[in-house]
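Asks: upload10.cif is reproduced in full below (mmCIF, C-alpha atoms).
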data_protein
#
loop_
_atom_site.label_atom_id
_atom_site.label_comp_id
_atom_site.auth_asym_id
_atom_site.auth_seq_id
_atom_site.Cartn_x
_atom_site.Cartn_y
_atom_site.Cartn_z
CA MET A 28 101.33 111.53 93.66
CA ARG A 29 98.22 109.52 94.50
CA LEU A 30 98.35 106.42 96.69
CA THR A 31 95.32 104.13 96.84
CA ILE A 32 94.92 101.55 99.60
CA LEU A 33 92.61 98.64 98.83
CA GLY A 34 91.42 97.31 102.15
CA GLY A 35 91.41 100.89 103.38
CA GLY A 36 89.35 99.88 106.42
CA GLY A 37 92.15 97.60 107.59
CA PHE A 38 93.44 97.87 111.13
CA ARG A 39 97.02 98.61 110.06
CA VAL A 40 96.20 101.47 107.66
CA PRO A 41 96.94 104.12 110.34
CA LEU A 42 100.53 102.82 110.42
CA VAL A 43 100.87 103.73 106.74
CA TYR A 44 99.35 107.16 107.29
CA ARG A 45 101.58 107.80 110.30
CA ALA A 46 104.59 107.12 108.07
CA LEU A 47 103.19 109.44 105.39
CA LEU A 48 103.08 112.27 107.93
CA THR A 49 106.73 112.05 108.95
CA GLU A 50 109.21 114.76 108.04
CA ALA A 51 111.32 112.27 106.08
CA HIS A 52 108.38 111.37 103.86
CA ARG A 53 107.22 114.93 103.34
CA GLN A 54 110.66 115.88 102.05
CA ALA A 55 111.20 112.74 99.98
CA ALA A 56 111.17 112.61 96.22
CA GLY A 57 108.00 110.94 95.01
CA ARG A 58 106.03 111.81 98.13
CA CYS A 59 102.32 111.10 98.42
CA THR A 60 100.04 114.12 97.93
CA GLU A 61 96.69 112.29 98.16
CA LEU A 62 95.60 109.10 99.91
CA VAL A 63 92.51 107.24 98.70
CA LEU A 64 90.94 104.53 100.85
CA HIS A 65 88.72 101.83 99.34
CA ASP A 66 87.03 99.09 101.33
CA THR A 67 84.03 96.84 100.79
CA ASP A 68 82.96 97.62 104.38
CA PRO A 69 82.02 101.34 104.61
CA VAL A 70 81.76 101.19 108.40
CA ARG A 71 85.35 100.04 108.82
CA ALA A 72 86.54 102.59 106.27
CA ALA A 73 84.77 105.39 108.17
CA VAL A 74 86.31 104.32 111.49
CA VAL A 75 89.82 104.19 110.01
CA ALA A 76 89.26 107.59 108.39
CA SER A 77 88.44 109.00 111.84
CA VAL A 78 91.73 107.60 113.20
CA LEU A 79 93.60 109.21 110.30
CA ALA A 80 91.84 112.52 110.90
CA ALA A 81 93.08 112.51 114.49
CA GLN A 82 96.60 111.75 113.30
CA ALA A 83 96.42 114.57 110.76
CA ARG A 84 95.44 117.13 113.40
CA GLU A 85 98.78 116.57 115.14
CA ALA A 86 100.86 116.81 111.96
CA PRO A 87 102.37 120.05 110.65
CA GLU A 88 101.34 119.10 107.12
CA ALA A 89 98.64 116.51 106.49
CA VAL A 90 98.19 114.34 103.42
CA PRO A 91 94.58 114.71 102.18
CA VAL A 92 92.49 111.56 102.61
CA ARG A 93 89.51 110.53 100.50
CA VAL A 94 87.27 107.50 101.07
CA GLU A 95 86.03 106.05 97.78
CA GLN A 96 83.49 103.23 97.74
CA ASP A 97 83.73 102.57 94.00
CA LEU A 98 86.76 100.45 93.08
CA GLY A 99 87.12 101.97 89.63
CA ALA A 100 87.11 105.51 90.99
CA ALA A 101 89.64 104.51 93.64
CA LEU A 102 92.03 103.08 91.04
CA ARG A 103 91.80 105.68 88.27
CA GLY A 104 94.68 108.11 88.50
CA ALA A 105 96.54 106.06 91.12
CA ASP A 106 100.33 106.04 90.90
CA PHE A 107 100.72 103.37 93.57
CA VAL A 108 98.22 100.83 94.88
CA PHE A 109 98.71 99.15 98.23
CA SER A 110 96.62 95.97 98.23
CA ALA A 111 95.80 94.92 101.78
CA VAL A 112 92.52 93.05 101.54
CA ARG A 113 91.25 90.30 103.84
CA VAL A 114 88.80 88.13 101.96
CA GLY A 115 86.35 86.61 104.43
CA GLY A 116 87.43 88.95 107.21
CA THR A 117 88.82 87.82 110.53
CA ARG A 118 86.02 85.26 110.87
CA GLY A 119 87.36 83.55 107.78
CA ARG A 120 90.75 83.38 109.46
CA VAL A 121 89.18 81.77 112.53
CA HIS A 122 87.74 79.03 110.32
CA ASP A 123 91.03 78.57 108.43
CA GLU A 124 92.89 78.00 111.70
CA ARG A 125 90.34 75.83 113.50
CA VAL A 126 89.73 73.30 110.72
CA PRO A 127 93.34 72.02 110.57
CA LEU A 128 93.61 71.96 114.36
CA THR A 129 90.66 69.56 114.54
CA GLU A 130 92.79 67.21 112.43
CA GLY A 131 95.83 67.62 114.67
CA VAL A 132 97.88 69.77 112.28
CA LEU A 133 98.89 73.39 112.46
CA GLY A 134 96.39 76.07 111.56
CA GLN A 135 97.96 79.47 110.91
CA GLU A 136 97.09 82.38 108.62
CA THR A 137 100.10 82.01 106.32
CA VAL A 138 101.70 78.69 107.28
CA GLY A 139 100.47 75.17 106.72
CA ALA A 140 96.92 74.17 105.91
CA GLY A 141 95.47 77.39 107.30
CA GLY A 142 97.53 79.45 104.88
CA ILE A 143 96.41 77.31 101.94
CA LEU A 144 92.73 77.68 102.86
CA TYR A 145 93.17 81.44 103.15
CA ALA A 146 94.92 81.57 99.77
CA LEU A 147 92.20 79.53 98.07
CA ARG A 148 89.68 82.15 99.15
CA THR A 149 91.92 85.15 98.43
CA VAL A 150 93.70 84.47 95.13
CA PRO A 151 90.60 84.80 92.89
CA VAL A 152 89.86 88.21 94.41
CA ALA A 153 93.49 89.30 94.14
CA MET A 154 93.60 88.35 90.47
CA ARG A 155 90.40 90.31 89.77
CA ILE A 156 91.99 93.30 91.48
CA ALA A 157 95.07 92.87 89.30
CA GLU A 158 92.89 92.83 86.18
CA CYS A 159 91.15 96.03 87.31
CA VAL A 160 94.49 97.72 87.92
CA ARG A 161 95.73 96.67 84.48
CA ALA A 162 92.59 98.11 82.88
CA LEU A 163 92.16 101.31 84.91
CA ALA A 164 95.65 102.22 86.18
CA PRO A 165 98.10 100.45 83.84
CA ASP A 166 101.04 102.63 84.88
CA ALA A 167 100.52 102.10 88.61
CA TRP A 168 102.78 99.99 90.79
CA VAL A 169 101.00 97.52 93.07
CA VAL A 170 102.53 96.81 96.47
CA ASN A 171 100.94 93.68 97.89
CA PHE A 172 100.43 93.39 101.65
CA THR A 173 97.73 90.72 101.40
CA ASN A 174 98.57 87.37 102.98
CA PRO A 175 99.77 84.80 102.17
CA ALA A 176 101.99 87.42 100.57
CA GLY A 177 104.18 85.17 98.42
CA ILE A 178 101.26 83.24 96.93
CA VAL A 179 99.13 86.33 96.33
CA THR A 180 102.00 88.29 94.79
CA GLU A 181 102.83 85.43 92.41
CA ALA A 182 99.18 85.16 91.37
CA MET A 183 98.90 88.91 90.74
CA ALA A 184 102.18 88.89 88.82
CA ARG A 185 100.56 86.58 86.26
CA VAL A 186 98.44 89.61 85.34
CA LEU A 187 100.70 92.56 86.20
CA GLY A 188 104.15 91.15 85.60
CA GLU A 189 106.95 93.02 87.35
CA ARG A 190 104.72 95.92 88.37
CA VAL A 191 103.52 94.08 91.48
CA VAL A 192 105.88 93.64 94.43
CA GLY A 193 105.12 91.89 97.71
CA ILE A 194 106.34 93.08 101.08
CA CYS A 195 106.56 91.66 104.58
CA ASP A 196 107.85 93.17 107.80
CA SER A 197 109.39 89.94 109.16
CA PRO A 198 112.69 90.08 107.22
CA VAL A 199 113.39 93.75 107.94
CA GLY A 200 112.57 93.15 111.60
CA LEU A 201 115.00 90.23 111.69
CA VAL A 202 117.80 92.28 110.11
CA ARG A 203 117.30 95.20 112.49
CA ARG A 204 117.16 92.99 115.57
CA ALA A 205 120.25 91.02 114.52
CA ALA A 206 122.19 94.21 113.78
CA ARG A 207 121.39 95.65 117.21
CA ALA A 208 122.37 92.39 118.88
CA ALA A 209 125.69 92.49 117.01
CA GLY A 210 126.30 96.06 118.21
CA ALA A 211 125.77 97.69 114.80
CA ASP A 212 123.54 100.46 113.49
CA PRO A 213 120.70 98.70 111.63
CA ASP A 214 120.75 101.44 108.98
CA ALA A 215 124.46 100.88 108.27
CA VAL A 216 124.50 97.13 107.60
CA ARG A 217 123.96 95.19 104.41
CA CYS A 218 122.55 91.70 104.32
CA ASP A 219 122.08 88.56 102.27
CA TYR A 220 118.57 87.19 102.76
CA LEU A 221 116.93 84.54 100.60
CA GLY A 222 113.86 82.31 100.66
CA LEU A 223 110.13 82.49 100.19
CA ASN A 224 107.70 84.62 102.15
CA HIS A 225 107.71 83.42 105.77
CA LEU A 226 110.36 80.88 104.78
CA GLY A 227 113.65 82.75 104.51
CA TRP A 228 117.11 82.86 106.01
CA LEU A 229 119.50 85.71 106.88
CA ARG A 230 122.83 84.40 105.60
CA SER A 231 125.16 87.35 106.14
CA LEU A 232 125.13 90.71 107.90
CA THR A 233 127.99 92.93 106.83
CA LEU A 234 129.34 96.24 108.08
CA ASP A 235 132.22 97.85 106.18
CA GLY A 236 132.81 94.56 104.39
CA HIS A 237 132.99 92.49 107.61
CA ASP A 238 130.39 89.77 108.20
CA LEU A 239 128.97 90.14 111.73
CA LEU A 240 126.84 87.01 111.60
CA PRO A 241 129.45 84.36 112.60
CA GLY A 242 130.35 86.32 115.71
CA LEU A 243 126.71 86.82 116.61
CA LEU A 244 125.91 83.12 116.21
CA ALA A 245 128.84 82.25 118.50
CA ASP A 246 127.68 84.61 121.26
CA ASP A 247 124.96 83.00 123.40
CA ALA A 248 124.55 86.14 125.49
CA ALA A 249 123.93 88.27 122.39
CA LEU A 250 121.50 85.71 120.98
CA THR A 251 119.32 85.96 124.07
CA THR A 252 118.80 89.70 123.44
CA PHE A 253 116.51 89.37 120.41
CA GLU A 254 113.48 87.38 119.33
CA GLU A 255 114.91 84.94 116.80
CA GLY A 256 117.84 84.12 119.08
CA ARG A 257 115.45 83.19 121.86
CA LEU A 258 113.03 81.37 119.55
CA PHE A 259 115.59 79.03 117.97
CA GLY A 260 118.39 78.88 120.56
CA GLY A 261 122.11 79.17 120.01
CA GLU A 262 122.78 75.46 119.53
CA TRP A 263 120.32 75.13 116.64
CA LEU A 264 121.32 78.44 115.06
CA ARG A 265 124.97 77.42 115.03
CA ALA A 266 124.00 74.09 113.49
CA LEU A 267 122.16 75.98 110.72
CA GLY A 268 124.85 78.63 110.31
CA CYS A 269 122.29 81.34 109.63
CA LEU A 270 119.32 83.16 111.17
CA PRO A 271 115.91 81.86 110.07
CA ASN A 272 112.81 83.98 109.68
CA GLU A 273 110.66 83.70 112.81
CA TYR A 274 107.98 81.74 110.93
CA LEU A 275 110.39 78.86 110.42
CA HIS A 276 109.78 78.06 114.07
CA TYR A 277 106.62 76.31 112.86
CA TYR A 278 108.79 73.98 110.75
CA TYR A 279 111.85 73.43 112.92
CA PHE A 280 109.85 73.11 116.16
CA ARG A 281 106.59 71.79 114.73
CA ARG A 282 105.77 69.50 117.65
CA GLU A 283 106.38 72.11 120.33
CA THR A 284 104.55 74.90 118.50
CA LEU A 285 101.56 72.73 117.65
CA ALA A 286 101.27 71.69 121.30
CA ALA A 287 101.36 75.33 122.41
CA VAL A 288 98.70 76.31 119.87
CA ARG A 289 96.41 73.46 120.90
CA GLU A 290 96.81 74.30 124.58
CA ALA A 291 96.10 78.02 124.07
CA PRO A 292 92.64 79.22 125.13
CA GLN A 293 92.02 80.57 121.62
CA THR A 294 93.73 80.76 118.25
CA ARG A 295 95.45 83.92 117.05
CA GLY A 296 92.64 84.42 114.56
CA ALA A 297 89.99 84.15 117.28
CA PHE A 298 91.85 86.70 119.39
CA LEU A 299 92.10 89.17 116.51
CA ASP A 300 88.48 88.61 115.49
CA ARG A 301 87.30 89.49 118.97
CA GLN A 302 89.71 92.38 119.35
CA GLN A 303 88.83 93.99 116.02
CA ARG A 304 85.09 93.60 116.50
CA ASP A 305 85.43 95.30 119.89
CA PHE A 306 87.63 98.06 118.50
CA PHE A 307 85.45 98.92 115.49
CA SER A 308 82.29 98.80 117.58
CA ALA A 309 83.74 101.12 120.24
CA ALA A 310 85.32 103.49 117.72
CA ARG A 311 82.10 103.72 115.70
CA SER A 312 80.15 104.78 118.77
CA ARG A 313 82.92 107.07 120.09
CA PRO A 314 84.66 108.50 117.00
CA GLU A 315 86.33 111.22 119.05
CA GLN A 316 88.27 108.46 120.85
CA ALA A 317 89.02 106.39 117.75
CA ARG A 318 92.73 107.06 117.75
CA GLU A 319 93.16 106.32 121.44
CA LEU A 320 91.19 103.10 121.06
CA TRP A 321 93.27 102.13 118.03
CA GLU A 322 96.58 102.74 119.82
CA ARG A 323 95.47 100.60 122.73
CA ALA A 324 94.37 97.74 120.49
CA ARG A 325 97.54 98.02 118.38
CA THR A 326 99.78 97.67 121.42
CA GLU A 327 97.88 94.60 122.61
CA ARG A 328 98.12 93.14 119.11
CA GLU A 329 101.91 93.58 119.00
CA GLU A 330 102.41 92.23 122.53
CA THR A 331 100.65 88.98 121.63
CA TYR A 332 102.29 88.46 118.21
CA LEU A 333 103.61 84.87 117.77
CA ALA A 334 102.64 84.17 121.37
CA GLU A 335 102.39 80.42 120.77
CA SER A 336 105.99 80.21 119.52
CA ARG A 337 107.23 82.21 122.50
CA GLU A 338 105.25 79.96 124.82
CA ALA A 339 106.82 76.90 123.17
CA THR A 340 110.29 78.28 123.99
CA GLY A 341 109.71 79.00 127.65
CA GLY A 342 107.49 82.06 127.52
CA TRP A 343 108.89 85.59 127.32
CA GLN A 344 107.74 89.10 126.50
CA ARG A 345 108.54 90.99 123.31
CA ASP A 346 111.10 93.78 123.50
CA SER A 347 109.83 97.35 123.67
CA CYS A 348 111.49 98.22 120.35
CA ASP A 349 109.35 95.56 118.66
CA LEU A 350 106.08 96.93 120.04
CA GLU A 351 105.98 100.11 117.97
CA GLY A 352 104.14 98.21 115.27
CA GLY A 353 104.58 98.21 111.56
CA GLY A 354 107.85 98.02 109.75
CA TYR A 355 106.06 96.95 106.62
CA GLU A 356 104.81 100.48 105.99
CA GLN A 357 108.38 101.77 106.12
CA VAL A 358 109.41 99.19 103.52
CA ALA A 359 106.44 100.11 101.33
CA LEU A 360 107.17 103.84 101.44
CA ALA A 361 110.88 103.28 100.85
CA LEU A 362 109.94 101.26 97.77
CA MET A 363 107.56 103.98 96.62
CA HIS A 364 110.19 106.71 97.03
CA ALA A 365 112.85 104.61 95.28
CA VAL A 366 110.68 103.94 92.23
CA ALA A 367 108.96 107.33 91.95
CA GLY A 368 111.94 109.47 92.93
CA ASP A 369 114.69 107.18 91.63
CA THR A 370 116.44 107.42 94.98
CA ARG A 371 117.67 103.82 94.77
CA ALA A 372 117.25 101.53 97.73
CA GLU A 373 118.09 97.99 98.78
CA LEU A 374 115.06 96.31 100.31
CA ILE A 375 113.93 92.77 101.08
CA LEU A 376 110.94 92.19 98.80
CA ASP A 377 108.85 89.47 97.18
CA VAL A 378 109.63 89.51 93.45
CA ARG A 379 109.94 87.16 90.50
CA ASN A 380 112.91 84.82 90.73
CA GLY A 381 114.33 85.64 87.29
CA GLY A 382 117.07 83.01 87.52
CA LEU A 383 118.25 83.95 91.02
CA VAL A 384 117.53 80.40 92.23
CA PRO A 385 118.10 78.22 89.14
CA ALA A 386 116.06 75.32 90.54
CA LEU A 387 112.92 77.50 90.62
CA PRO A 388 110.96 78.78 87.61
CA ASP A 389 111.85 82.31 86.55
CA GLU A 390 108.32 83.54 87.25
CA ALA A 391 108.17 82.00 90.73
CA VAL A 392 108.13 84.67 93.45
CA VAL A 393 110.96 84.60 95.99
CA GLU A 394 111.79 86.84 98.95
CA THR A 395 115.24 88.41 98.76
CA VAL A 396 117.29 91.59 98.76
CA CYS A 397 116.37 93.79 95.79
CA ARG A 398 117.51 97.07 94.27
CA ALA A 399 114.64 99.42 93.54
CA GLY A 400 114.70 102.52 91.35
CA ALA A 401 112.95 104.21 88.47
CA ASP A 402 113.98 101.35 86.20
CA GLY A 403 112.15 98.83 88.37
CA VAL A 404 112.89 96.27 91.06
CA ARG A 405 115.51 93.55 90.60
CA PRO A 406 116.95 90.89 92.94
CA VAL A 407 120.54 91.46 94.05
CA ARG A 408 122.53 88.48 92.87
CA PRO A 409 124.75 87.03 95.62
CA ALA A 410 128.36 86.06 95.10
CA GLU A 411 129.09 83.02 92.96
CA GLY A 412 128.50 79.79 94.85
CA SER A 413 126.43 81.37 97.64
CA GLY A 414 123.07 79.94 96.64
CA PRO A 415 120.79 78.29 99.18
CA GLY A 416 122.08 75.20 100.95
CA GLY A 417 120.58 71.81 100.23
CA ALA A 418 118.25 71.79 103.23
CA GLU A 419 117.01 75.31 102.56
CA LEU A 420 116.59 74.68 98.84
CA GLY A 421 114.72 71.45 99.51
CA LEU A 422 112.23 73.22 101.74
CA MET A 423 111.87 76.08 99.24
CA LEU A 424 111.18 73.65 96.39
CA GLN A 425 108.57 71.74 98.36
CA LEU A 426 106.80 74.90 99.53
CA LYS A 427 106.94 76.45 96.06
CA ALA A 428 105.22 73.34 94.67
CA VAL A 429 102.54 73.83 97.33
CA GLU A 430 102.17 77.52 96.47
CA ARG A 431 101.88 76.94 92.74
CA ALA A 432 99.33 74.15 93.22
CA THR A 433 97.33 76.50 95.44
CA ILE A 434 97.32 79.19 92.74
CA GLU A 435 96.26 76.63 90.15
CA ALA A 436 93.40 75.44 92.34
CA ALA A 437 92.23 78.97 93.13
CA ASP A 438 92.47 80.10 89.51
CA THR A 439 90.98 77.06 87.78
CA GLY A 440 88.77 75.52 90.47
CA SER A 441 90.72 72.25 90.39
CA ARG A 442 90.01 70.19 93.50
CA ARG A 443 92.85 67.90 92.48
CA ALA A 444 95.31 70.81 92.63
CA ALA A 445 93.92 71.92 96.00
CA LEU A 446 94.34 68.41 97.40
CA ARG A 447 97.89 68.29 96.03
CA ALA A 448 98.69 71.63 97.70
CA LEU A 449 97.44 70.45 101.09
CA GLY A 450 98.82 66.92 100.83
CA LEU A 451 102.32 68.05 99.82
CA HIS A 452 102.70 70.59 102.60
CA PRO A 453 105.33 69.38 105.09
CA LEU A 454 103.12 70.39 108.02
CA VAL A 455 100.23 68.22 106.78
CA ASP A 456 101.24 64.64 107.42
CA SER A 457 98.63 62.67 105.46
CA PRO A 458 96.72 62.95 102.17
CA ALA A 459 93.69 61.62 104.04
CA VAL A 460 93.98 64.50 106.52
CA ALA A 461 94.39 66.89 103.57
CA ALA A 462 91.16 65.59 102.01
CA ARG A 463 89.20 66.05 105.24
CA ILE A 464 90.57 69.58 105.71
CA LEU A 465 89.58 70.45 102.16
CA ALA A 466 86.08 69.07 102.66
CA ALA A 467 85.67 71.21 105.78
CA ALA A 468 86.91 74.43 104.16
CA ASP A 469 84.67 77.47 103.80
CA PRO A 470 81.60 76.50 101.71
CA PRO A 471 82.36 79.15 99.03
CA VAL A 472 85.83 77.63 98.60
CA VAL A 473 84.50 74.08 98.39
CA ARG A 474 81.82 75.04 95.85
CA ARG A 475 84.45 76.55 93.52
CA LEU A 476 86.55 73.37 93.48
CA LEU A 477 85.62 70.77 90.89
#
Show the structure stored in the file as structure tokens.

Replies:
Amino acid sequence: MRLTILGGGGFRVPLVYRALLTEAHRQAAGRCTELVLHDTDPVRAAVVASVLAAQAREAPEAVPVRVEQDLGAALRGADFVFSAVRVGGTRGRVHDERVPLTEGVLGQETVGAGGILYALRTVPVAMRIAECVRALAPDAWVVNFTNPAGIVTEAMARVLGERVVGICDSPVGLVRRAARAAGADPDAVRCDYLGLNHLGWLRSLTLDGHDLLPGLLADDAALTTFEEGRLFGGEWLRALGCLPNEYLHYYYFRRETLAAVREAPQTRGAFLDRQQRDFFSAARSRPEQARELWERARTEREETYLAESREATGGWQRDSCDLEGGGYEQVALALMHAVAGDTRAELILDVRNGGLVPALPDEAVVETVCRAGADGVRPVRPAEGSGPGGAELGLMLQLKAVERATIEAADTGSRRAALRALGLHPLVDSPAVAARILAAADPPVVRRLL
């Protein structure tokens, strides 16, 4: 089975290949027998290929890797396509984050005004990719890694329908951390998780039919043992009655997080831009050390993840079990095995709503627990009467309006829709601020908006 990665020069591609080389994958139904990397930057693709070659030398059975510069050639014959592109590169992210901060509102890659600016630049490219897949690999499944994952997946689904699924590692990380804190095996629990990408809530965590979440929320000592417990604090978590995705810290603690971001010496995007330029430069000149250099940069990247939110809650270091990196590649491969090998799996994914949340359109993409198999991917419907609470639904509805306006603006070039997306976002507190942010967006974005 052939797997193609678009954005094959991406920094996280070696995490996917590492997972492909594991014994569990090699013995799985629907395993990958060829990996094709495509990237618009041949230098980055060559560096990543050298990291993969070093990984392969230590594996008992390597998956062949081919770098393909032509998009059509990369897609033809693909059974699965992982889309992990970054339109505008890390420098684009730097701009997306700095512009809102100059107006005193949050700039972040997927949240707030920064996420909208990134989506305006990315959605047109993602939809062209979807059209190419439909034309050249109509039977392929597309797994979208590209951020903002919910917006991009919904845009691609307008072309590919149910054959595109979005993934994120935040929900699975939350479930695993919560299970460990509750004294359970993360692989043995089931969960109820619902929301949008980077805007979801873990609402139950069951083991043998018993919900562990109420006991966990009541235990302050247990809550201090994992990231979300420390980020939100026991008092607020008990008031909510659930565990929010870590990105909700930007909403619930907007003032504190914004202050921490503004006081930081550099934005997250600026840090990653510098780090990746240094890594690719060093690895290009010393290809024999590419893997060692990548491992070092990866560890630093994981250690500094969501640093501003941790700083806003007193400052603390991430746990060692959260520094291994990835998580999203395990979800992606589990999805691939479930669909290709019909092994059946329950995974938290970004898929079309299909009536799960009646207040949202059926085609709107939500993030929730799904069953995946040869017959496709479908949301698991929770018990009657266990839909989202009023506060959660209200936030979902507002953010979904923002997401759909962003897609409209990116697809049609409507400046009015782009202004509506920015002005309606709860982290942008003024339409006048929204207009100034839009005017200062990347010139290619501004030129496309009418």

Asks: Return the single residue from A:Leu163, A:Leu422, A:Leu128, A:Cys195 that is closest to Val455 in chain A, with distances computed using only C-alpha atoms.

Replies: A:Leu128

Asks: Find, counting all atoms listed in the file, the residue in A:Glu419, A:Glu330, A:Asp106, A:Glu435 that gets nearest to Arg230 in chain A.

Replies: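 Nearest candidate to Arg230 in chain A out of A:Glu419, A:Glu330, A:Asp106, A:Glu435: A:Glu419.
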
Asks: Using only C-alpha atoms, what residues lie at most 12 Å away from (109.2, 72.9, 94.9) (file coordinates), given as a list in words?

Replies: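 Residues close enough to count: Gly222, Leu223, Val384, Pro385, Ala386, Leu387, Pro388, Ala391, Val392, Val393, Glu419, Leu420, Gly421, Leu422, Met423, Leu424, Gln425, Leu426, Lys427, Ala428, Val429, Glu430, Arg431, Ala432, Ala448, Leu451, His452 and Pro453 of chain A.
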
Asks: Could you list, as a list in words, every residue within 9 Å of range 317-327 of chain A, counting only C-alpha atoms and ignoring same-chain residues fewer than 4 positions away?

Replies: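 Surrounding residues, per the criterion: Phe38, Arg39, Pro41, Val74, Val75, Ser77, Val78, Leu79, Ala80, Ala81, Gln82, Gln302, Gln303, Phe306, Phe307, Ala309, Ala310, Arg311, Arg313, Thr331, Tyr332, Leu350, Glu351 and Gly352 of chain A.
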
Asks: Any chance you could resolve the PyMOL selection byres ((chain A and resi 37) around 8) against this file and give the residues as a VMD selection string?

Replies: chain A and resid 34 to 36 38 to 40 71 to 72 75 111 to 112

Asks: Between A:Pro470, A:Gly260, A:Gly450, A:Gly188, which is the closest to Gly139 in chain A once you count only C-alpha atoms?

Replies: A:Gly450

Asks: Please list, as a VMD selection string, the residues that have an atom at most 12 Å away from (92.9, 98.0, 86.4) in the coordinates of this file, counting only C-alpha atoms.

Replies: chain A and resid 98 to 108 153 to 169 183 186 to 187

Asks: Determine, counting only C-alpha atoms, which protein, DNA and RNA residues have an atom within 7 Å of an atom of range 197-212 of chain A; residues of the same chain fewer than 4 positions away are not included. Present the result as a PyMOL selection string.

Replies: chain A and resi 216+239+243+249+252-253+272+375

Asks: Give me a file of those residues, with C-alpha atoms, as an mmCIF file, in the coordinates of the input.

Replies:
data_model
loop_
_atom_site.group_PDB
_atom_site.id
_atom_site.type_symbol
_atom_site.label_atom_id
_atom_site.label_comp_id
_atom_site.auth_asym_id
_atom_site.auth_seq_id
_atom_site.Cartn_x
_atom_site.Cartn_y
_atom_site.Cartn_z
ATOM 1 C CA VAL A 216 124.500 97.130 107.600
ATOM 2 C CA LEU A 239 128.970 90.140 111.730
ATOM 3 C CA LEU A 243 126.710 86.820 116.610
ATOM 4 C CA ALA A 249 123.930 88.270 122.390
ATOM 5 C CA THR A 252 118.800 89.700 123.440
ATOM 6 C CA PHE A 253 116.510 89.370 120.410
ATOM 7 C CA ASN A 272 112.810 83.980 109.680
ATOM 8 C CA ILE A 375 113.930 92.770 101.080
#

Asks: Counting only C-alpha atoms, figure out which residue out of A:Gly414, A:Ala461, A:Gly368, A:Leu48 gets nearest to Met28 in chain A.

Replies: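 Closest to Met28 in chain A of all the choices is A:Gly368.
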
Asks: Would you compute the distance between CA of Ala359 in chain A and CA of Ala51 in chain A? Give it in Å to one decimal.

Replies: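 Taking CA of Ala359 in chain A as the start and CA of Ala51 in chain A as the end point, the length is 13.9 Å.
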
Asks: Using only C-alpha atoms, determine which residues lie at most 8 Å from Thr294 in chain A, disregarding the query and same-chain residues fewer than 5 positions distant; provide the list as a PyMOL selection string.

Replies: chain A and resi 121+124-125+288

Asks: Calculated over all atoms listed in the file, which of the candidates A:Gly440, A:Gly261, A:Gly236, A:Pro91 has the smallest distance to Cys59 in chain A?

Replies: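 So, comparing all the options, the nearest one is A:Pro91.
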
Asks: List the spatial neighbours of Leu362 in chain A as a PyMOL selection string - criterion: any atom at most 10 Å away, all atoms listed in the file, same-chain residues fewer than 3 positions off excluded.

Replies: chain A and resi 170+192+194+356-359+365-376+398-400+403-404

Asks: Please determine, counting all atoms listed in the file, which residue among A:Asp456, A:Glu290, A:Asp469, A:Glu394 has the shortest atom-to-atom distance to Asp219 in chain A.

Replies: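 Among the listed residues, A:Glu394 lies closest to Asp219 in chain A.
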
Asks: For a test of reading the model, state the distance in Å between CA of Glu61 in chain A and CA of Val90 in chain A, rounded to one decimal.

Replies: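 Between these atoms lies a distance of 5.8 Å.
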
Asks: How far is it from CA of His122 in chain A to CA of Gly296 in chain A, in Å with one decimal?

Replies: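 Computing the Euclidean distance for CA of His122 in chain A and CA of Gly296 in chain A yields 8.4 Å.
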
Asks: Under the PyMOL selection byres ((chain A and resi 218) around 7), which residues of this model are included? Write them out as a PyMOL selection string.

Replies: chain A and resi 216-217+219-220+231-233

Asks: Go ahead and write the selection's residues with C-alpha atoms as a CSV table (one decimal), in the frame of the given file.

Replies:
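Okay, out.csv is ready:
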chain,number,residue,atom,x,y,z
A,216,VAL,CA,124.5,97.1,107.6
A,217,ARG,CA,124.0,95.2,104.4
A,219,ASP,CA,122.1,88.6,102.3
A,220,TYR,CA,118.6,87.2,102.8
A,231,SER,CA,125.2,87.4,106.1
A,232,LEU,CA,125.1,90.7,107.9
A,233,THR,CA,128.0,92.9,106.8
